[in-house]
Amino acid sequence: MARPGTRGPRQRAARLRRAARLRREDRGRRAARRRRALAASAAAEFNRAALMVRRAADAARHPAEHPPPGPFRPGVWRSPLRGLWLTSVLAVVLLPGLTILAVTGLLSYAAYDPLLPGNDQTPGAGLLHFYLFSWPSHPSWLYRANQGVHITLGLALLPVVLAKLWSVLPRLFAWPPVRSLAQILERVSLVMVVGGVLFEFATGILDIQNYYVFPFSFYTAHLYGAWVFIAGLVIHVALKFPRMVAGLRSRSLRRELRTPLAQTRPEEPDPAEPDGESLRAAHPRAPTLSRRGLLAAVGGASVTLAGLVAGQSIGGLARRTALFGPRGLSATAPHYLPVNRTAASIGLTAADVGPGYRLTLIGTRTVTLTRAQLLGLPQHAVELPIACVEGWSVSCRWSGVRLADLARLAGMPDPAAARVDSIQQAGAFKTAALSAGQVADPQSLLAVTVNGRVLPWDHGYPARTIIPGAPGVHNTKWVSKITFLKQV
């Protein structure tokens, strides 16, 4: 029998049963709470998923009302200057400018006479060669003028191109990106125009500076890029020309050029543009620059860039302003002739151009001449420019033997073409093919002096060709052999 104040086995067992029951009840309550929480979470997730599905379905039905975040939202673009009129004004400058740029670029490629064997830098171009013709040797300044216009105009248009891209940025991020077949064509043309123009300007400026950081041939890439740009431009102009005309008529240029900042207002909404595609800001902020100020800044930048490069093509005192050209002020030195490829860069040695030098002429017979024998032939002098694809050009006084005389010496008085080989063993343009007209031209020389002095090594000693109207790289330096061809 248990003593008073103590618990017996029955009481302890009852206490343990109660504790176990309380634990089971507590575990049940916790489990029920977890089940309710899980059910509530699942319901919430289901509701969220259903909401997302409803929103996605609504966005699919009404995409313009649900643009993605960032630049696709109309409220991001708030400049009060953007609008159809401003874009049209910039476009009316670019349309003739880019057309001239494209034409001079294609003519520059034609000047390399790609139809002659060995001259084609883009053998896979196929139909893109449709416009090619035999490049004339007269007027002798033709290539000089073509490249001067191409490079100077290209740099002058750069600020206008950038301003035009800025003016249409909202259109590039319009949402939805596609509304109709016409818009698909517009989008494709925009990719071709914007991508093409940026590629052409970037590679062209790098070429002007002799900074070839790209892992491909400039000539090949520039030609293909030009055709992509031209195709995109044609499509874009066909689609947008009526809108450009309408934009130009929407405001007076004279009135805008007289409007100060305090009176600058956003353009009126364009009723012809669908919602989300208008260039006018949906919620424009207060202007900090007038439209005439923007146009003045763009025009001033264009004139400045043109002034910094035009001198390298014009020559004379104007060359002192050609700070953007790679030749800089050193080109103002008397008798200075720029050098693109030095004798050291091709590994030219004294053995190559010393007493052992021989010039080989191949026609119906093969003739080998020493430099002394070459100097003993009838010498002629001409004043001709040498012009480079980069835009620079310099006129010099050259003297040497006419190519036509060398052709007769090789027994080929009327060759169909000629191939000129350099001592240079590797690299581009170590050979050049010349047309029948270039060989027959009395100004085409195998020159041995320049400006009354013996050719320096860097300028082609012991002999180089000088061809009127030809690109600089086709005036082959360090000539070792000339092959006159019966047919091409």
# chains A, B, ... in the order shown; residues from 1 in each chain; ligands from 1
$ select_by_dssp --residues "stretch 277-385 of chain A" --states "strand (DSSP E or B)" --output "ChimeraX atom specification"
/A:359-362,366-369,380-385
$ write_last_selection --atoms "all heavy atoms" --output "compact mmCIF listing (two decimals), in the first residue's frame"
# COMPACT_ATOMS: atom_id res chain seq x y z
N LEU A 359 64.88 43.45 -113.64
CA LEU A 359 63.49 43.62 -114.03
C LEU A 359 63.21 42.67 -115.18
O LEU A 359 63.90 42.71 -116.21
CB LEU A 359 63.21 45.06 -114.45
CG LEU A 359 61.84 45.31 -115.10
CD1 LEU A 359 60.73 45.12 -114.09
CD2 LEU A 359 61.78 46.71 -115.72
N THR A 360 62.21 41.82 -115.05
CA THR A 360 61.86 40.85 -116.07
C THR A 360 60.59 41.30 -116.79
O THR A 360 59.57 41.58 -116.15
CB THR A 360 61.65 39.46 -115.46
OG1 THR A 360 62.84 39.07 -114.78
CG2 THR A 360 61.33 38.44 -116.55
N LEU A 361 60.67 41.36 -118.12
CA LEU A 361 59.53 41.68 -118.96
C LEU A 361 59.16 40.44 -119.76
O LEU A 361 60.02 39.85 -120.44
CB LEU A 361 59.85 42.83 -119.92
CG LEU A 361 60.38 44.13 -119.30
CD1 LEU A 361 60.75 45.12 -120.39
CD2 LEU A 361 59.36 44.73 -118.35
N ILE A 362 57.88 40.03 -119.69
CA ILE A 362 57.44 38.82 -120.37
C ILE A 362 56.33 39.17 -121.34
O ILE A 362 55.31 39.75 -120.96
CB ILE A 362 56.95 37.76 -119.36
CG1 ILE A 362 58.06 37.40 -118.38
CG2 ILE A 362 56.44 36.52 -120.07
CD1 ILE A 362 57.63 36.44 -117.29
N THR A 366 60.99 37.22 -123.64
CA THR A 366 61.34 37.60 -122.28
C THR A 366 62.59 38.45 -122.30
O THR A 366 63.60 38.09 -122.92
CB THR A 366 61.58 36.36 -121.40
OG1 THR A 366 60.37 35.58 -121.36
CG2 THR A 366 61.97 36.75 -119.98
N VAL A 367 62.52 39.59 -121.62
CA VAL A 367 63.64 40.53 -121.56
C VAL A 367 63.98 40.77 -120.10
O VAL A 367 63.09 40.98 -119.28
CB VAL A 367 63.28 41.87 -122.25
CG1 VAL A 367 64.43 42.86 -122.13
CG2 VAL A 367 62.89 41.65 -123.71
N THR A 368 65.27 40.75 -119.80
CA THR A 368 65.73 41.02 -118.44
C THR A 368 66.60 42.26 -118.45
O THR A 368 67.54 42.36 -119.26
CB THR A 368 66.52 39.83 -117.88
OG1 THR A 368 65.70 38.66 -117.91
CG2 THR A 368 66.96 40.10 -116.44
N LEU A 369 66.28 43.21 -117.59
CA LEU A 369 66.99 44.49 -117.55
C LEU A 369 67.59 44.73 -116.17
O LEU A 369 66.95 44.44 -115.15
CB LEU A 369 66.03 45.64 -117.88
CG LEU A 369 65.32 45.62 -119.24
CD1 LEU A 369 64.31 46.76 -119.29
CD2 LEU A 369 66.31 45.72 -120.37
N HIS A 380 60.52 59.64 -119.43
CA HIS A 380 59.44 60.63 -119.57
C HIS A 380 59.02 61.09 -118.18
O HIS A 380 59.12 60.34 -117.21
CB HIS A 380 58.25 60.04 -120.32
CG HIS A 380 58.59 59.53 -121.68
ND1 HIS A 380 58.54 60.31 -122.81
CD2 HIS A 380 59.01 58.29 -122.10
CE1 HIS A 380 58.90 59.61 -123.87
NE2 HIS A 380 59.19 58.37 -123.47
N ALA A 381 58.55 62.32 -118.10
CA ALA A 381 58.13 62.89 -116.82
C ALA A 381 56.65 63.27 -116.88
O ALA A 381 56.17 63.79 -117.91
CB ALA A 381 58.96 64.12 -116.47
N VAL A 382 55.95 63.02 -115.80
CA VAL A 382 54.52 63.36 -115.71
C VAL A 382 54.23 63.89 -114.30
O VAL A 382 54.92 63.54 -113.34
CB VAL A 382 53.61 62.14 -115.99
CG1 VAL A 382 53.76 61.68 -117.42
CG2 VAL A 382 53.91 61.01 -115.02
N GLU A 383 53.23 64.74 -114.22
CA GLU A 383 52.73 65.21 -112.93
C GLU A 383 51.43 64.47 -112.66
O GLU A 383 50.43 64.68 -113.34
CB GLU A 383 52.47 66.72 -112.98
CG GLU A 383 51.97 67.31 -111.67
CD GLU A 383 53.10 67.63 -110.69
OE1 GLU A 383 54.26 67.72 -111.12
OE2 GLU A 383 52.80 67.77 -109.49
N LEU A 384 51.45 63.57 -111.66
CA LEU A 384 50.28 62.74 -111.38
C LEU A 384 50.05 62.65 -109.87
O LEU A 384 51.01 62.63 -109.09
CB LEU A 384 50.47 61.32 -111.93
CG LEU A 384 50.34 61.11 -113.44
CD1 LEU A 384 50.62 59.66 -113.79
CD2 LEU A 384 48.95 61.53 -113.92
N PRO A 385 48.77 62.60 -109.47
CA PRO A 385 48.48 62.35 -108.05
C PRO A 385 48.54 60.87 -107.75
O PRO A 385 48.26 60.02 -108.61
CB PRO A 385 47.05 62.87 -107.90
CG PRO A 385 46.43 62.64 -109.25
CD PRO A 385 47.54 62.82 -110.26
$ select_by_dssp --residues "stretch 109-208 of chain A" --states "alpha helix (DSSP H)" --output "MDAnalysis selection string"
chainID A and resid 109:110 142:167 169:172 181:208
$ closest_residue --among "A:Ala351, A:Ala417, A:Leu455, A:Ile235" --to "A:Cys396" --atoms "only C-alpha atoms"
A:Leu455
$ decode --residues "stretch 306-327 of chain A" --atoms "N, CA, C and O atoms" --output "PDB file, in the first residue's frame"
ATOM      1  N   ALA A 306      34.156  67.525 -91.451  1.00  0.00           N
ATOM      2  CA  ALA A 306      34.565  67.674 -92.847  1.00  0.00           C
ATOM      3  C   ALA A 306      35.827  68.525 -92.957  1.00  0.00           C
ATOM      4  O   ALA A 306      36.744  68.212 -93.727  1.00  0.00           O
ATOM      5  N   GLY A 307      35.886  69.605 -92.163  1.00  0.00           N
ATOM      6  CA  GLY A 307      37.060  70.471 -92.191  1.00  0.00           C
ATOM      7  C   GLY A 307      38.319  69.796 -91.677  1.00  0.00           C
ATOM      8  O   GLY A 307      39.429  70.142 -92.077  1.00  0.00           O
ATOM      9  N   LEU A 308      38.147  68.806 -90.794  1.00  0.00           N
ATOM     10  CA  LEU A 308      39.306  68.122 -90.233  1.00  0.00           C
ATOM     11  C   LEU A 308      39.844  67.019 -91.123  1.00  0.00           C
ATOM     12  O   LEU A 308      40.868  66.406 -90.785  1.00  0.00           O
ATOM     13  N   VAL A 309      39.162  66.746 -92.233  1.00  0.00           N
ATOM     14  CA  VAL A 309      39.633  65.654 -93.097  1.00  0.00           C
ATOM     15  C   VAL A 309      39.765  66.067 -94.561  1.00  0.00           C
ATOM     16  O   VAL A 309      40.552  65.475 -95.298  1.00  0.00           O
ATOM     17  N   ALA A 310      39.048  67.107 -94.985  1.00  0.00           N
ATOM     18  CA  ALA A 310      39.042  67.467 -96.411  1.00  0.00           C
ATOM     19  C   ALA A 310      40.426  67.863 -96.906  1.00  0.00           C
ATOM     20  O   ALA A 310      40.767  67.614 -98.066  1.00  0.00           O
ATOM     21  N   GLY A 311      41.234  68.443 -96.053  1.00  0.00           N
ATOM     22  CA  GLY A 311      42.548  68.920 -96.480  1.00  0.00           C
ATOM     23  C   GLY A 311      43.459  67.836 -97.003  1.00  0.00           C
ATOM     24  O   GLY A 311      44.314  68.101 -97.855  1.00  0.00           O
ATOM     25  N   GLN A 312      43.298  66.607 -96.522  1.00  0.00           N
ATOM     26  CA  GLN A 312      44.187  65.542 -96.997  1.00  0.00           C
ATOM     27  C   GLN A 312      43.896  65.172 -98.450  1.00  0.00           C
ATOM     28  O   GLN A 312      44.736  64.556 -99.106  1.00  0.00           O
ATOM     29  N   SER A 313      42.719  65.546 -98.942  1.00  0.00           N
ATOM     30  CA  SER A 313      42.384  65.313-100.346  1.00  0.00           C
ATOM     31  C   SER A 313      42.638  66.546-101.205  1.00  0.00           C
ATOM     32  O   SER A 313      43.036  66.433-102.361  1.00  0.00           O
ATOM     33  N   ILE A 314      42.418  67.726-100.640  1.00  0.00           N
ATOM     34  CA  ILE A 314      42.568  68.970-101.397  1.00  0.00           C
ATOM     35  C   ILE A 314      44.036  69.306-101.592  1.00  0.00           C
ATOM     36  O   ILE A 314      44.471  69.708-102.670  1.00  0.00           O
ATOM     37  N   GLY A 315      44.841  69.142-100.518  1.00  0.00           N
ATOM     38  CA  GLY A 315      46.260  69.466-100.590  1.00  0.00           C
ATOM     39  C   GLY A 315      46.511  70.936-100.320  1.00  0.00           C
ATOM     40  O   GLY A 315      45.615  71.705 -99.957  1.00  0.00           O
ATOM     41  N   GLY A 316      47.763  71.355-100.515  1.00  0.00           N
ATOM     42  CA  GLY A 316      48.134  72.737-100.277  1.00  0.00           C
ATOM     43  C   GLY A 316      48.015  73.120 -98.810  1.00  0.00           C
ATOM     44  O   GLY A 316      48.207  72.295 -97.906  1.00  0.00           O
ATOM     45  N   LEU A 317      47.672  74.384 -98.567  1.00  0.00           N
ATOM     46  CA  LEU A 317      47.546  74.859 -97.197  1.00  0.00           C
ATOM     47  C   LEU A 317      46.416  74.165 -96.451  1.00  0.00           C
ATOM     48  O   LEU A 317      46.445  74.052 -95.227  1.00  0.00           O
ATOM     49  N   ALA A 318      45.402  73.708 -97.200  1.00  0.00           N
ATOM     50  CA  ALA A 318      44.278  73.029 -96.557  1.00  0.00           C
ATOM     51  C   ALA A 318      44.721  71.755 -95.845  1.00  0.00           C
ATOM     52  O   ALA A 318      44.046  71.292 -94.931  1.00  0.00           O
ATOM     53  N   ARG A 319      45.869  71.204 -96.248  1.00  0.00           N
ATOM     54  CA  ARG A 319      46.347  69.981 -95.597  1.00  0.00           C
ATOM     55  C   ARG A 319      46.655  70.216 -94.121  1.00  0.00           C
ATOM     56  O   ARG A 319      46.669  69.282 -93.324  1.00  0.00           O
ATOM     57  N   ARG A 320      46.907  71.461 -93.762  1.00  0.00           N
ATOM     58  CA  ARG A 320      47.217  71.767 -92.362  1.00  0.00           C
ATOM     59  C   ARG A 320      46.008  71.539 -91.447  1.00  0.00           C
ATOM     60  O   ARG A 320      46.167  71.405 -90.241  1.00  0.00           O
ATOM     61  N   THR A 321      44.822  71.522 -92.005  1.00  0.00           N
ATOM     62  CA  THR A 321      43.623  71.304 -91.182  1.00  0.00           C
ATOM     63  C   THR A 321      43.232  69.833 -91.099  1.00  0.00           C
ATOM     64  O   THR A 321      42.268  69.496 -90.417  1.00  0.00           O
ATOM     65  N   ALA A 322      43.964  68.968 -91.799  1.00  0.00           N
ATOM     66  CA  ALA A 322      43.559  67.553 -91.875  1.00  0.00           C
ATOM     67  C   ALA A 322      44.004  66.798 -90.630  1.00  0.00           C
ATOM     68  O   ALA A 322      44.730  65.797 -90.711  1.00  0.00           O
ATOM     69  N   LEU A 323      43.548  67.273 -89.469  1.00  0.00           N
ATOM     70  CA  LEU A 323      43.964  66.660 -88.203  1.00  0.00           C
ATOM     71  C   LEU A 323      43.355  65.283 -88.009  1.00  0.00           C
ATOM     72  O   LEU A 323      43.891  64.466 -87.259  1.00  0.00           O
ATOM     73  N   PHE A 324      42.242  65.022 -88.670  1.00  0.00           N
ATOM     74  CA  PHE A 324      41.597  63.730 -88.510  1.00  0.00           C
ATOM     75  C   PHE A 324      42.233  62.670 -89.403  1.00  0.00           C
ATOM     76  O   PHE A 324      42.067  61.482 -89.183  1.00  0.00           O
ATOM     77  N   GLY A 325      42.940  63.098 -90.452  1.00  0.00           N
ATOM     78  CA  GLY A 325      43.623  62.152 -91.333  1.00  0.00           C
ATOM     79  C   GLY A 325      44.815  61.539 -90.632  1.00  0.00           C
ATOM     80  O   GLY A 325      45.432  62.159 -89.746  1.00  0.00           O
ATOM     81  N   PRO A 326      45.203  60.333 -91.007  1.00  0.00           N
ATOM     82  CA  PRO A 326      46.320  59.659 -90.324  1.00  0.00           C
ATOM     83  C   PRO A 326      47.662  60.298 -90.618  1.00  0.00           C
ATOM     84  O   PRO A 326      48.638  60.032 -89.923  1.00  0.00           O
ATOM     85  N   ARG A 327      47.736  61.168 -91.661  1.00  0.00           N
ATOM     86  CA  ARG A 327      49.025  61.767 -92.010  1.00  0.00           C
ATOM     87  C   ARG A 327      49.322  63.018 -91.190  1.00  0.00           C
ATOM     88  O   ARG A 327      50.462  63.399 -91.042  1.00  0.00           O
TER      89      ARG A 327
END
